[in-house]
>>> print(open('my_file.csv').read())   # CSV, C-alpha atoms
chain,number,residue,atom,x,y,z
A,772,MET,CA,36.9,46.4,29.3
A,773,SER,CA,40.1,44.4,29.6
A,774,SER,CA,41.3,41.4,27.8
A,775,SER,CA,39.5,39.0,30.2
A,776,ARG,CA,36.0,39.1,31.5
A,777,LEU,CA,37.1,37.4,34.7
A,778,LEU,CA,39.7,40.1,35.2
A,779,ASP,CA,37.0,42.7,34.7
A,780,ARG,CA,34.9,41.0,37.3
A,781,LEU,CA,37.8,41.0,39.7
A,782,ILE,CA,38.5,44.7,39.2
A,783,GLU,CA,34.9,45.5,39.7
A,784,ALA,CA,34.6,43.3,42.9
A,785,LEU,CA,37.7,44.9,44.5
A,786,GLN,CA,36.1,48.3,44.3
A,787,ALA,CA,33.7,47.2,47.2
A,788,MET,CA,36.7,47.9,49.5
A,789,PRO,CA,36.8,51.4,51.0
A,790,GLY,CA,39.2,53.8,49.4
A,791,ILE,CA,39.7,51.5,46.4
A,792,GLY,CA,38.5,53.1,43.1
A,793,PRO,CA,38.9,51.8,39.5
A,794,VAL,CA,42.6,52.7,39.2
A,795,SER,CA,43.7,51.1,42.5
A,796,ALA,CA,41.5,48.1,41.8
A,797,SER,CA,43.2,47.6,38.4
A,798,ARG,CA,46.7,48.0,39.9
A,799,ILE,CA,45.9,45.5,42.7
A,800,ALA,CA,44.4,42.9,40.2
A,801,PHE,CA,47.3,43.1,37.7
A,802,ASN,CA,49.8,43.0,40.5
A,803,LEU,CA,48.3,39.9,42.2
A,804,LEU,CA,47.9,38.1,38.8
A,805,ASP,CA,51.4,38.9,37.7
A,806,ARG,CA,53.6,37.3,40.3
A,807,LYS,CA,51.5,37.0,43.5
A,808,ARG,CA,48.9,34.3,42.8
A,809,ASP,CA,49.7,32.5,46.1
A,810,ASP,CA,49.0,35.8,47.9
A,811,ALA,CA,45.8,36.1,46.0
A,812,LEU,CA,44.7,32.6,47.0
A,813,ARG,CA,45.7,33.4,50.7
A,814,ILE,CA,43.7,36.6,50.7
A,815,SER,CA,40.7,34.8,49.2
A,816,SER,CA,40.8,32.0,51.7
A,817,VAL,CA,41.3,34.2,54.8
A,818,LEU,CA,38.6,36.7,53.6
A,819,LYS,CA,36.1,33.9,53.2
A,820,GLU,CA,36.9,32.4,56.6
A,821,ALA,CA,36.7,35.9,58.2
A,822,ALA,CA,33.4,36.8,56.5
A,823,GLU,CA,31.8,33.5,57.5
A,824,HIS,CA,33.1,33.1,61.0
A,825,ILE,CA,34.0,36.4,62.7
A,826,ALA,CA,31.2,37.1,65.2
A,827,LEU,CA,30.6,39.5,68.1
A,828,CYS,CA,32.0,38.6,71.5
A,829,PRO,CA,29.1,37.9,73.9
A,830,ASP,CA,30.8,40.0,76.6
A,831,CYS,CA,31.9,43.1,74.8
A,832,ARG,CA,30.4,42.9,71.3
A,833,ASN,CA,33.9,43.4,69.7
A,834,TYR,CA,34.9,41.0,66.9
A,835,CYS,CA,35.9,37.4,68.0
A,836,ASP,CA,37.0,34.4,66.1
A,837,ALA,CA,33.7,32.5,66.1
A,838,GLU,CA,30.1,32.6,67.3
A,839,GLY,CA,29.8,32.1,71.0
A,840,GLU,CA,33.6,32.5,71.7
A,841,LYS,CA,35.0,35.4,73.8
A,842,CYS,CA,37.3,37.8,72.0
A,843,SER,CA,41.0,37.7,72.9
A,844,ILE,CA,40.7,40.9,75.0
A,845,CYS,CA,37.9,39.5,77.2
A,846,SER,CA,39.7,36.1,77.4
A,847,ASP,CA,42.8,37.9,78.7
A,848,PHE,CA,41.2,38.5,82.1
A,849,HIS,CA,44.4,38.1,84.1
A,850,ARG,CA,45.9,41.2,82.4
A,851,ARG,CA,42.7,43.2,82.5
A,852,ASP,CA,41.3,45.5,85.1
A,853,SER,CA,37.6,44.5,85.0
A,854,GLY,CA,36.7,47.5,87.2
A,855,MET,CA,37.2,49.9,84.3
A,856,LEU,CA,34.9,49.6,81.3
A,857,CYS,CA,35.4,51.8,78.2
A,858,VAL,CA,32.4,52.1,75.9
A,859,VAL,CA,33.2,52.9,72.3
A,860,GLU,CA,31.2,53.1,69.0
A,861,SER,CA,33.3,50.8,66.8
A,862,PRO,CA,35.8,48.0,66.9
A,863,MET,CA,38.4,50.4,65.3
A,864,ASP,CA,38.1,52.6,68.4
A,865,VAL,CA,39.2,49.6,70.5
A,866,GLU,CA,42.1,49.1,68.1
A,867,ALA,CA,43.1,52.8,68.6
A,868,PHE,CA,43.1,52.5,72.4
A,869,GLU,CA,44.9,49.2,72.3
A,870,GLN,CA,47.6,50.6,70.1
A,871,SER,CA,48.1,53.6,72.5
A,872,GLY,CA,48.8,51.1,75.3
A,873,ALA,CA,47.1,53.5,77.7
A,874,PHE,CA,44.1,51.5,78.8
A,875,HIS,CA,44.2,48.1,80.6
A,876,GLY,CA,40.5,47.8,81.4
A,877,THR,CA,37.8,46.1,79.4
A,878,TYR,CA,35.6,47.4,76.5
A,879,PHE,CA,32.1,47.5,75.3
A,880,VAL,CA,31.4,48.1,71.6
A,881,LEU,CA,28.1,49.7,70.6
A,882,HIS,CA,28.5,49.4,66.8
A,883,GLY,CA,26.9,52.8,66.3
A,884,HIS,CA,25.0,55.3,68.5
A,885,LEU,CA,21.4,55.9,69.3
A,886,SER,CA,19.6,57.2,66.3
A,887,PRO,CA,15.8,56.7,66.5
A,888,ILE,CA,15.4,58.2,63.0
A,889,ASP,CA,17.5,55.3,61.5
A,890,GLY,CA,15.7,52.8,63.8
A,891,ILE,CA,18.8,52.4,66.1
A,892,GLY,CA,17.6,52.1,69.6
A,893,PRO,CA,19.0,50.5,72.8
A,894,GLU,CA,18.4,47.0,71.5
A,895,GLU,CA,20.5,47.5,68.4
A,896,LEU,CA,23.4,48.8,70.5
A,897,GLY,CA,23.3,45.7,72.8
A,898,LEU,CA,22.4,47.8,75.8
A,899,GLU,CA,20.6,45.0,77.5
A,900,SER,CA,23.8,43.0,77.5
A,901,LEU,CA,25.7,46.1,78.8
A,902,GLY,CA,23.1,46.4,81.6
A,903,LYS,CA,23.7,42.8,82.6
A,904,ARG,CA,27.4,43.3,82.6
A,905,LEU,CA,27.0,46.4,84.9
A,906,ASP,CA,24.7,44.3,87.2
A,907,GLU,CA,27.5,41.8,87.8
A,908,GLY,CA,29.0,44.4,90.1
A,909,ARG,CA,32.7,44.2,88.9
A,910,VAL,CA,32.6,47.5,87.0
A,911,LYS,CA,33.5,50.5,89.2
A,912,GLU,CA,33.9,53.1,86.5
A,913,MET,CA,32.4,53.4,83.0
A,914,ILE,CA,34.4,55.6,80.6
A,915,LEU,CA,32.5,56.9,77.6
A,916,ALA,CA,34.7,57.4,74.5
A,917,LEU,CA,32.1,58.3,71.9
A,918,GLY,CA,32.0,60.7,69.0
A,919,GLN,CA,31.1,64.4,69.5
A,920,SER,CA,28.0,64.4,67.3
A,921,ALA,CA,24.5,65.2,68.6
A,922,GLU,CA,23.6,61.5,68.5
A,923,GLY,CA,26.8,60.7,70.4
A,924,GLU,CA,25.8,63.1,73.1
A,925,ALA,CA,22.3,61.6,73.4
A,926,THR,CA,23.9,58.1,73.7
A,927,LYS,CA,26.2,59.4,76.4
A,928,GLN,CA,23.3,60.7,78.4
A,929,TYR,CA,21.5,57.4,78.1
A,930,LEU,CA,24.5,55.4,79.1
A,931,ALA,CA,25.4,57.7,82.0
A,932,ALA,CA,21.8,57.2,83.4
A,933,MET,CA,22.3,53.4,83.1
A,934,ALA,CA,25.5,53.6,85.2
A,935,ARG,CA,24.2,56.1,87.8
A,936,ARG,CA,21.1,53.9,88.5
A,937,ARG,CA,23.6,51.2,89.5
A,938,GLY,CA,25.8,53.6,91.5
A,939,ILE,CA,28.7,53.2,89.0
A,940,THR,CA,30.9,56.2,88.3
A,941,VAL,CA,30.7,57.6,84.8
A,942,SER,CA,33.3,59.6,83.0
A,943,GLY,CA,34.0,60.9,79.5
A,944,ILE,CA,37.3,61.2,77.8
A,945,ALA,CA,38.5,64.8,77.5
A,946,THR,CA,37.9,67.1,74.6
A,947,GLY,CA,40.9,69.4,74.0
A,948,ILE,CA,43.9,70.4,71.9
A,949,PRO,CA,45.5,67.4,70.3
A,950,MET,CA,49.1,66.6,71.4
A,951,GLY,CA,51.5,68.8,69.3
A,952,GLY,CA,48.5,70.8,67.9
A,953,ASP,CA,48.5,74.5,68.1
A,954,ILE,CA,45.8,76.7,69.6
A,955,GLN,CA,45.3,79.0,66.6
A,956,SER,CA,44.4,76.1,64.3
A,957,VAL,CA,41.8,74.5,66.7
A,958,ASP,CA,38.1,75.3,66.2
A,959,GLY,CA,36.3,77.4,68.7
A,960,LEU,CA,34.1,74.7,70.1
A,961,THR,CA,37.1,72.5,70.9
A,962,LEU,CA,38.8,75.5,72.6
A,963,THR,CA,35.7,76.3,74.6
A,964,THR,CA,35.4,72.7,75.7
A,965,SER,CA,39.2,72.5,76.5
A,966,LEU,CA,38.6,75.3,79.0
A,967,GLU,CA,35.8,73.3,80.7
A,968,TYR,CA,38.1,70.2,80.9
A,969,ARG,CA,41.0,72.3,82.4
A,970,ARG,CA,43.0,70.7,85.1
A,971,ARG,CA,44.8,72.4,88.0
A,972,ILE,CA,48.6,72.2,87.6
A,973,GLY,CA,50.8,71.7,90.7
B,684,MET,CA,46.9,42.5,67.9
B,685,SER,CA,43.2,43.0,67.6
B,686,SER,CA,40.4,41.2,69.5
B,687,SER,CA,40.4,38.3,67.0
B,688,ARG,CA,43.3,36.2,65.6
B,689,LEU,CA,41.3,35.6,62.4
B,690,LEU,CA,40.9,39.4,62.0
B,691,ASP,CA,44.7,39.8,62.5
B,692,ARG,CA,45.4,37.2,59.8
B,693,LEU,CA,43.0,39.1,57.5
B,694,ILE,CA,44.7,42.4,58.1
B,695,GLU,CA,48.1,40.8,57.5
B,696,ALA,CA,47.0,39.0,54.3
B,697,LEU,CA,45.4,42.2,52.8
B,698,GLN,CA,48.8,43.9,53.0
B,699,ALA,CA,50.1,41.7,50.1
B,700,MET,CA,48.1,44.0,47.9
B,701,PRO,CA,50.2,46.9,46.4
B,702,GLY,CA,49.7,50.2,48.1
B,703,ILE,CA,47.9,48.7,51.1
B,704,GLY,CA,49.8,49.2,54.4
B,705,PRO,CA,48.7,48.2,57.9
B,706,VAL,CA,46.3,51.2,58.3
B,707,SER,CA,44.5,50.7,55.0
B,708,ALA,CA,44.4,47.0,55.6
B,709,SER,CA,42.7,47.5,59.0
B,710,ARG,CA,40.2,50.0,57.5
B,711,ILE,CA,39.3,47.5,54.7
B,712,ALA,CA,39.0,44.6,57.1
B,713,PHE,CA,36.8,46.4,59.6
B,714,ASN,CA,34.6,47.9,56.8
B,715,LEU,CA,34.0,44.6,55.1
B,716,LEU,CA,33.2,42.8,58.4
B,717,ASP,CA,30.9,45.6,59.6
B,718,ARG,CA,28.2,45.7,56.9
B,719,LYS,CA,29.7,44.2,53.8
B,720,ARG,CA,30.1,40.5,54.4
B,721,ASP,CA,28.4,39.7,51.0
B,722,ASP,CA,31.0,41.9,49.2
B,723,ALA,CA,33.8,40.1,51.2
B,724,LEU,CA,32.5,36.7,50.0
B,725,ARG,CA,32.2,38.0,46.4
B,726,ILE,CA,35.8,39.4,46.4
B,727,SER,CA,37.0,36.1,47.9
B,728,SER,CA,35.3,34.0,45.3
B,729,VAL,CA,36.3,36.1,42.2
B,730,LEU,CA,39.8,36.4,43.5
B,731,LYS,CA,40.1,32.6,43.9
B,732,GLU,CA,38.6,32.0,40.4
B,733,ALA,CA,40.9,34.6,38.8
B,734,ALA,CA,44.1,33.4,40.6
B,735,GLU,CA,43.3,29.8,39.5
B,736,HIS,CA,42.1,30.3,36.0
B,737,ILE,CA,43.4,33.5,34.4
B,738,ALA,CA,46.1,32.5,31.9
B,739,LEU,CA,48.0,34.0,29.0
B,740,CYS,CA,46.4,34.3,25.6
B,741,PRO,CA,48.3,32.0,23.2
B,742,ASP,CA,48.3,34.7,20.5
B,743,CYS,CA,49.3,37.9,22.4
B,744,ARG,CA,50.3,36.7,25.9
B,745,ASN,CA,47.8,39.1,27.5
B,746,TYR,CA,45.5,37.8,30.3
B,747,CYS,CA,42.6,35.6,29.1
B,748,ASP,CA,39.8,33.8,31.0
B,749,ALA,CA,41.3,30.3,30.9
B,750,GLU,CA,44.3,28.3,29.7
B,751,GLY,CA,44.2,27.8,25.9
B,752,GLU,CA,41.5,30.4,25.3
B,753,LYS,CA,42.1,33.5,23.3
B,754,CYS,CA,41.8,36.8,25.1
B,755,SER,CA,38.8,39.0,24.3
B,756,ILE,CA,40.9,41.4,22.2
B,757,CYS,CA,42.4,38.7,20.0
B,758,SER,CA,38.9,37.1,19.7
B,759,ASP,CA,37.5,40.4,18.4
B,760,PHE,CA,39.2,40.0,15.0
B,761,HIS,CA,36.4,41.6,13.1
B,762,ARG,CA,37.1,44.9,14.7
B,763,ARG,CA,40.9,44.7,14.8
B,764,ASP,CA,43.5,45.6,12.2
B,765,SER,CA,45.7,42.6,12.3
B,766,GLY,CA,48.3,44.5,10.1
B,767,MET,CA,49.3,46.6,13.2
B,768,LEU,CA,51.0,44.9,16.1
B,769,CYS,CA,51.8,46.9,19.2
B,770,VAL,CA,54.4,45.4,21.6
B,771,VAL,CA,54.2,46.4,25.2
B,772,GLU,CA,55.8,45.3,28.5
B,773,SER,CA,52.8,44.6,30.6
B,774,PRO,CA,49.0,44.0,30.5
B,775,MET,CA,48.4,47.4,32.1
B,776,ASP,CA,50.0,49.0,29.1
B,777,VAL,CA,47.4,47.4,26.9
B,778,GLU,CA,44.7,48.7,29.3
B,779,ALA,CA,46.1,52.2,28.9
B,780,PHE,CA,46.0,52.0,25.1
B,781,GLU,CA,42.5,50.5,25.1
B,782,GLN,CA,41.3,53.3,27.3
B,783,SER,CA,42.7,55.9,25.1
B,784,GLY,CA,40.7,54.4,22.2
B,785,ALA,CA,43.5,55.4,19.8
B,786,PHE,CA,44.7,52.0,18.7
B,787,HIS,CA,42.6,49.4,16.8
B,788,GLY,CA,45.4,46.9,16.0
B,789,THR,CA,46.5,43.9,18.0
B,790,TYR,CA,49.0,43.6,20.8
B,791,PHE,CA,51.8,41.4,22.1
B,792,VAL,CA,52.6,41.5,25.8
B,793,LEU,CA,56.2,40.7,26.8
B,794,HIS,CA,55.6,40.6,30.6
B,795,GLY,CA,59.0,42.4,31.1
B,796,HIS,CA,62.0,43.2,29.1
B,797,LEU,CA,65.3,41.5,28.2
B,798,SER,CA,67.5,41.5,31.3
B,799,PRO,CA,70.2,38.8,31.1
B,800,ILE,CA,71.4,39.7,34.7
B,801,ASP,CA,67.9,38.6,36.0
B,802,GLY,CA,67.8,35.5,33.7
B,803,ILE,CA,65.2,37.1,31.4
B,804,GLY,CA,66.0,36.2,27.8
B,805,PRO,CA,64.0,35.9,24.6
B,806,GLU,CA,62.3,32.7,25.8
B,807,GLU,CA,60.9,34.3,29.0
B,808,LEU,CA,59.4,37.1,26.9
B,809,GLY,CA,57.7,34.6,24.5
B,810,LEU,CA,59.7,35.9,21.5
B,811,GLU,CA,59.5,32.5,19.8
B,812,SER,CA,55.7,32.9,19.7
B,813,LEU,CA,56.1,36.5,18.5
B,814,GLY,CA,58.4,35.3,15.7
B,815,LYS,CA,55.7,32.8,14.6
B,816,ARG,CA,53.1,35.5,14.6
B,817,LEU,CA,55.3,37.7,12.4
B,818,ASP,CA,56.0,34.7,10.1
B,819,GLU,CA,52.2,34.4,9.4
B,820,GLY,CA,52.6,37.5,7.2
B,821,ARG,CA,49.6,39.5,8.4
B,822,VAL,CA,51.6,42.0,10.4
B,823,LYS,CA,52.7,45.0,8.3
B,824,GLU,CA,53.9,47.3,11.0
B,825,MET,CA,55.2,46.5,14.5
B,826,ILE,CA,54.9,49.4,16.9
B,827,LEU,CA,57.2,49.3,20.0
B,828,ALA,CA,55.7,50.9,23.1
B,829,LEU,CA,58.3,50.0,25.7
B,830,GLY,CA,59.8,51.8,28.7
B,831,GLN,CA,62.7,54.2,28.2
B,832,SER,CA,65.2,52.2,30.4
B,833,ALA,CA,68.5,50.8,29.2
B,834,GLU,CA,66.9,47.3,29.2
B,835,GLY,CA,63.9,48.7,27.3
B,836,GLU,CA,66.3,50.1,24.6
B,837,ALA,CA,68.1,46.7,24.3
B,838,THR,CA,64.7,45.0,24.0
B,839,LYS,CA,63.7,47.4,21.3
B,840,GLN,CA,66.8,46.7,19.3
B,841,TYR,CA,66.3,43.0,19.5
B,842,LEU,CA,62.6,43.2,18.4
B,843,ALA,CA,63.5,45.7,15.6
B,844,ALA,CA,66.0,43.2,14.2
B,845,MET,CA,63.3,40.4,14.4
B,846,ALA,CA,60.9,42.5,12.4
B,847,ARG,CA,63.5,43.8,9.8
B,848,ARG,CA,64.6,40.2,9.0
B,849,ARG,CA,61.1,39.6,7.9
B,850,GLY,CA,60.7,42.8,6.0
B,851,ILE,CA,58.2,44.3,8.5
B,852,THR,CA,58.2,48.0,9.2
B,853,VAL,CA,59.1,48.8,12.8
B,854,SER,CA,58.3,52.0,14.7
B,855,GLY,CA,58.5,53.3,18.2
B,856,ILE,CA,55.9,55.6,19.9
B,857,ALA,CA,57.2,59.2,20.3
B,858,THR,CA,59.0,60.6,23.3
B,859,GLY,CA,58.0,64.2,23.9
B,860,ILE,CA,56.2,66.8,26.0
B,861,PRO,CA,53.1,65.3,27.6
B,862,MET,CA,49.8,66.9,26.5
B,863,GLY,CA,49.1,70.0,28.7
B,864,GLY,CA,52.7,69.7,30.1
B,865,ASP,CA,55.0,72.8,30.0
B,866,ILE,CA,58.4,72.9,28.5
B,867,GLN,CA,60.1,74.4,31.6
B,868,SER,CA,59.1,71.5,33.8
B,869,VAL,CA,60.2,68.7,31.4
B,870,ASP,CA,63.7,67.0,31.9
B,871,GLY,CA,66.5,67.7,29.4
B,872,LEU,CA,66.6,64.2,28.0
B,873,THR,CA,62.9,64.3,27.1
B,874,LEU,CA,63.3,67.8,25.6
B,875,THR,CA,66.3,66.5,23.5
B,876,THR,CA,64.4,63.5,22.3
B,877,SER,CA,61.3,65.7,21.5
B,878,LEU,CA,63.5,67.6,19.1
B,879,GLU,CA,64.5,64.3,17.4
B,880,TYR,CA,60.9,63.3,17.1
B,881,ARG,CA,59.8,66.7,15.7
B,882,ARG,CA,57.3,66.8,12.8
B,883,ARG,CA,56.9,69.2,10.0
B,884,ILE,CA,53.8,71.4,10.4
B,885,GLY,CA,51.8,72.4,7.3
>>> encode(input="my_file.csv", output="structure tokens")
Amino acid sequence: MSSSRLLDRLIEALQAMPGIGPVSASRIAFNLLDRKRDDALRISSVLKEAAEHIALCPDCRNYCDAEGEKCSICSDFHRRDSGMLCVVESPMDVEAFEQSGAFHGTYFVLHGHLSPIDGIGPEELGLESLGKRLDEGRVKEMILALGQSAEGEATKQYLAAMARRRGITVSGIATGIPMGGDIQSVDGLTLTTSLEYRRRIG
Amino acid sequence: MSSSRLLDRLIEALQAMPGIGPVSASRIAFNLLDRKRDDALRISSVLKEAAEHIALCPDCRNYCDAEGEKCSICSDFHRRDSGMLCVVESPMDVEAFEQSGAFHGTYFVLHGHLSPIDGIGPEELGLESLGKRLDEGRVKEMILALGQSAEGEATKQYLAAMARRRGITVSGIATGIPMGGDIQSVDGLTLTTSLEYRRRIG
């Protein structure tokens, strides 16, 4: 217990953030109160606005500024190749691709993977909306960039079937040795799969 | 840039917190938006309330719930020895003492140390209010628990003179080997000072 009940409540509330335990929460609270009250008010106001307004883009289910609006990636159709659709599990995966600068197509965010035991079926992943998107006929190739778990594999099979029924090419990003990684320190399954994904040189 | 300008603003605002860089800020933002919007609203509301209302206790200058109110430590006068006054640089130092459970006296928080070059003089540290507290006659011993910097030393001298003028005992917490620490890994200055602070055994 600190010298102020309100401060105790602040330290407790901050611990809802991932990776923030009691020690970091105290440090953040004291620091903001000490000389950064304007920053604290700004964080409070943006956080409220974000929690109340950020919604899912009707096209790709990534985060967008408000209910019914398209996200800034889907709005940017001039710069995007709508023939390539990359399906990912979470908005953070989109961030990772965008930061790599390697992909100029569009995305679809599942927000999870099929997991019947947790009640997550095609509807929860927005697959009806994905089906409509594929029906529009612009997508030529669907790239699956999903996790390597058993549920991820099942989801890939389901999505691949959806694409094939519509005559759309399906691919999956490669499994292999990370850039700069060394062969001795990679697990056997990755190594096995990196052989399957091998590519002819020259 | 993410898929939402509001999300970008949130990630940017969160980086005002100490120890939170762009990667942690993204992780926090996505996590709160994903399944913890209620937590986000609660953090927002407590943070606003804290930034607007938390003030300094008129007795000890530690944080209290509202302007003009005493902090919960100063309010707890039944359980406190008002003859012992521990002077610290920051509210986090009070937290550290309180968590140790070793001190049952009262505190005075300077919020810094004397630093004429930065324009921090006795007034900025609330020393007039400390003087009044010492004049009340309840304090028998003033314990200085300040940092070991040059400015910390100058502040100690100034505070010691204030106490001596009023016939109040002044002490400083010991410098020495941390509990469980080993002698070889402690710096020479700490070792030298640990000799000066030595205590007769038996």
>>> closest_residue(input="my_file.csv", among="A:Thr963, A:Gln955, A:Gln786, A:Ser815", to="chain B", atoms="all atoms listed in the file")
A:Ser815
>>> interface_residues(input="my_file.csv", of="chain A", to="chain B", cutoff="8 Å", atoms="all atoms listed in the file", output="count of residues only")
47
>>> atom_distance(input="my_file.csv", atom1="atom CA of Leu915 of chain A", atom2="atom CA of Leu885 of chain A")
13.9 Å
>>> residues_around(input="my_file.csv", residues="Gly788 of chain B", least_positions_apart="6", cutoff="12 Å", atoms="all atoms listed in the file", output="list in words")
Cys743, Ile756, Cys757, Asp759, Phe760, His761, Arg762, Arg763, Asp764, Ser765, Gly766, Met767, Leu768, Cys769, Val770, Val777, Phe780, Glu781, Arg821, Val822, Lys823, Glu824, Met825 and Ile826 of chain B
>>> residues_near_point(input="my_file.csv", point="(22.4, 46.1, 69.1)", cutoff="12 Å", atoms="only C-alpha atoms", output="ChimeraX atom specification")
/A:827,829,831-833,860,879-886,890-901
>>> atom_distance(input="my_file.csv", atom1="atom CA of Ala843 of chain B", atom2="atom CA of Gly830 of chain B")
14.9 Å
>>> atom_distance(input="my_file.csv", atom1="atom CA of Thr877 of chain A", atom2="atom CA of Lys927 of chain A")
17.9 Å
>>> axis_aligned_box(input="my_file.csv", around="segment 792-801 of chain B", padding_each_side="3 Å", output="AutoDock Vina command-line options")
--center_x 62.0 --center_y 40.9 --center_z 30.9 --size_x 24.8 --size_y 10.6 --size_z 16.2
>>> closest_residue(input="my_file.csv", among="B:Gly751, B:Pro705, B:Gly864, B:Gly820", to="Arg849 of chain B", atoms="all atoms listed in the file")
B:Gly820
>>> decode(input="my_file.csv", residues="segment 887-898 of chain A", atoms="N, CA, C and O atoms", output="mmCIF file, in the first residue's frame")
data_model
loop_
_atom_site.group_PDB
_atom_site.id
_atom_site.type_symbol
_atom_site.label_atom_id
_atom_site.label_comp_id
_atom_site.auth_asym_id
_atom_site.auth_seq_id
_atom_site.Cartn_x
_atom_site.Cartn_y
_atom_site.Cartn_z
ATOM 1 N N PRO A 887 -12.350 -25.972 -32.698
ATOM 2 C CA PRO A 887 -13.710 -26.361 -32.314
ATOM 3 C C PRO A 887 -13.859 -26.507 -30.802
ATOM 4 O O PRO A 887 -14.887 -26.166 -30.239
ATOM 5 N N ILE A 888 -12.784 -26.976 -30.150
ATOM 6 C CA ILE A 888 -12.864 -27.212 -28.703
ATOM 7 C C ILE A 888 -13.093 -25.903 -27.923
ATOM 8 O O ILE A 888 -13.685 -25.898 -26.845
ATOM 9 N N ASP A 889 -12.632 -24.774 -28.490
ATOM 10 C CA ASP A 889 -12.858 -23.464 -27.863
ATOM 11 C C ASP A 889 -14.044 -22.733 -28.496
ATOM 12 O O ASP A 889 -14.250 -21.544 -28.255
ATOM 13 N N GLY A 890 -14.805 -23.461 -29.322
ATOM 14 C CA GLY A 890 -15.968 -22.841 -29.966
ATOM 15 C C GLY A 890 -15.600 -21.863 -31.059
ATOM 16 O O GLY A 890 -16.376 -20.971 -31.386
ATOM 17 N N ILE A 891 -14.385 -21.996 -31.633
ATOM 18 C CA ILE A 891 -13.995 -21.087 -32.718
ATOM 19 C C ILE A 891 -14.129 -21.811 -34.052
ATOM 20 O O ILE A 891 -13.334 -22.697 -34.387
ATOM 21 N N GLY A 892 -15.174 -21.491 -34.763
ATOM 22 C CA GLY A 892 -15.441 -22.101 -36.062
ATOM 23 C C GLY A 892 -15.285 -21.078 -37.169
ATOM 24 O O GLY A 892 -14.836 -19.960 -36.918
ATOM 25 N N PRO A 893 -15.653 -21.437 -38.401
ATOM 26 C CA PRO A 893 -15.512 -20.538 -39.556
ATOM 27 C C PRO A 893 -16.175 -19.172 -39.333
ATOM 28 O O PRO A 893 -15.638 -18.149 -39.770
ATOM 29 N N GLU A 894 -17.307 -19.145 -38.627
ATOM 30 C CA GLU A 894 -18.020 -17.892 -38.429
ATOM 31 C C GLU A 894 -17.201 -16.911 -37.596
ATOM 32 O O GLU A 894 -17.085 -15.729 -37.929
ATOM 33 N N GLU A 895 -16.606 -17.414 -36.498
ATOM 34 C CA GLU A 895 -15.802 -16.565 -35.618
ATOM 35 C C GLU A 895 -14.586 -15.986 -36.349
ATOM 36 O O GLU A 895 -14.086 -14.922 -35.986
ATOM 37 N N LEU A 896 -14.102 -16.684 -37.355
ATOM 38 C CA LEU A 896 -12.926 -16.201 -38.082
ATOM 39 C C LEU A 896 -13.324 -15.326 -39.281
ATOM 40 O O LEU A 896 -12.464 -14.900 -40.050
ATOM 41 N N GLY A 897 -14.614 -15.095 -39.446
ATOM 42 C CA GLY A 897 -15.075 -14.223 -40.540
ATOM 43 C C GLY A 897 -14.942 -14.849 -41.907
ATOM 44 O O GLY A 897 -14.802 -14.148 -42.918
ATOM 45 N N LEU A 898 -14.996 -16.204 -41.971
ATOM 46 C CA LEU A 898 -14.709 -16.858 -43.254
ATOM 47 C C LEU A 898 -15.806 -16.635 -44.300
ATOM 48 O O LEU A 898 -15.540 -16.724 -45.501
#
